[in-house]
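Student: Got a structure here, written out as structure tokens. Questions coming.
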Amino acid sequence: GGERVADEYQTELLGQLPLHMTIREQTDSGLPSVVAEPDSEVSLIYRDMARKIGASLFKRAQSQVGVVPQIIIKAD
């Protein structure tokens with residue numbers, strides 16, 4: 001269904017999650033898949049989607065402004 005909707009709206013499909021009961025159970029318990037099982041198939045799909053979103057936002061920011069702000073994370 002996701003591919004069809006992306007085609008219909010002429011947009012990029014960022015990813016598709018399988019219909020795993022564990023996704024719902026983990027999320028309902030307050031431990032999303034990337035926390036509960038960081039090396040699982042589902043977590044890898046989430047990470048891949050996050051990378052695609054980040055890359056897309058970066059490209060959009062570059063084309064609109066020409067400068068992308070730096071994000072600095074420090075442990076103080």
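In the structure tokens, chains take the letters A, B, ... in the order shown, each chain's residues start at 1, and ligands count up from 1 in the order shown.
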Within 12 Å of A:Glu37, counting only C-alpha atoms, which residues qualify if same-chain residues fewer than 3 places away don't, as an MDAnalysis selection string?
Tutor: chainID A and resid 22:23 26:27 31:34 40:44 46
Student: If you run DSSP on the backbone, which residues of chain A are alpha helix (DSSP H), as a ChimeraX atom specification?
Tutor: /A:2-8,21-28,33-36,41-64
Student: Any idea what's packed within 10 Å of stretch 69-73 of chain A, counting only C-alpha atoms, ignoring anything in its chain fewer than 6 positions away? Could you give it as a list in words?
Tutor: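 My list of contacting residues is Phe58, Ala61 and Gln62 of chain A.
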Student: Can you check which parts of stretch 16-46 of chain A lie within 12 Å of stretch 1-6 of chain A? Per residue, the shortest pair of atoms and distance in Å to one decimal, counting only C-alpha atoms, sorted by chain and number, as a Markdown table.
Tutor:
| residue | atom | partner | partner_atom | distance |
| --- | --- | --- | --- | --- |
| A:Gln16 | CA | A:Gly2 | CA | 7.1 |
| A:Leu17 | CA | A:Gly2 | CA | 9.9 |
| A:Pro18 | CA | A:Gly2 | CA | 11.6 |
Student: Which distance in Å separates atom CA of A:Lys59 and atom CA of A:Leu14, to one decimal?
Tutor: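 Atom-to-atom, atom CA of A:Lys59 and atom CA of A:Leu14 are spaced 14.8 Å apart.
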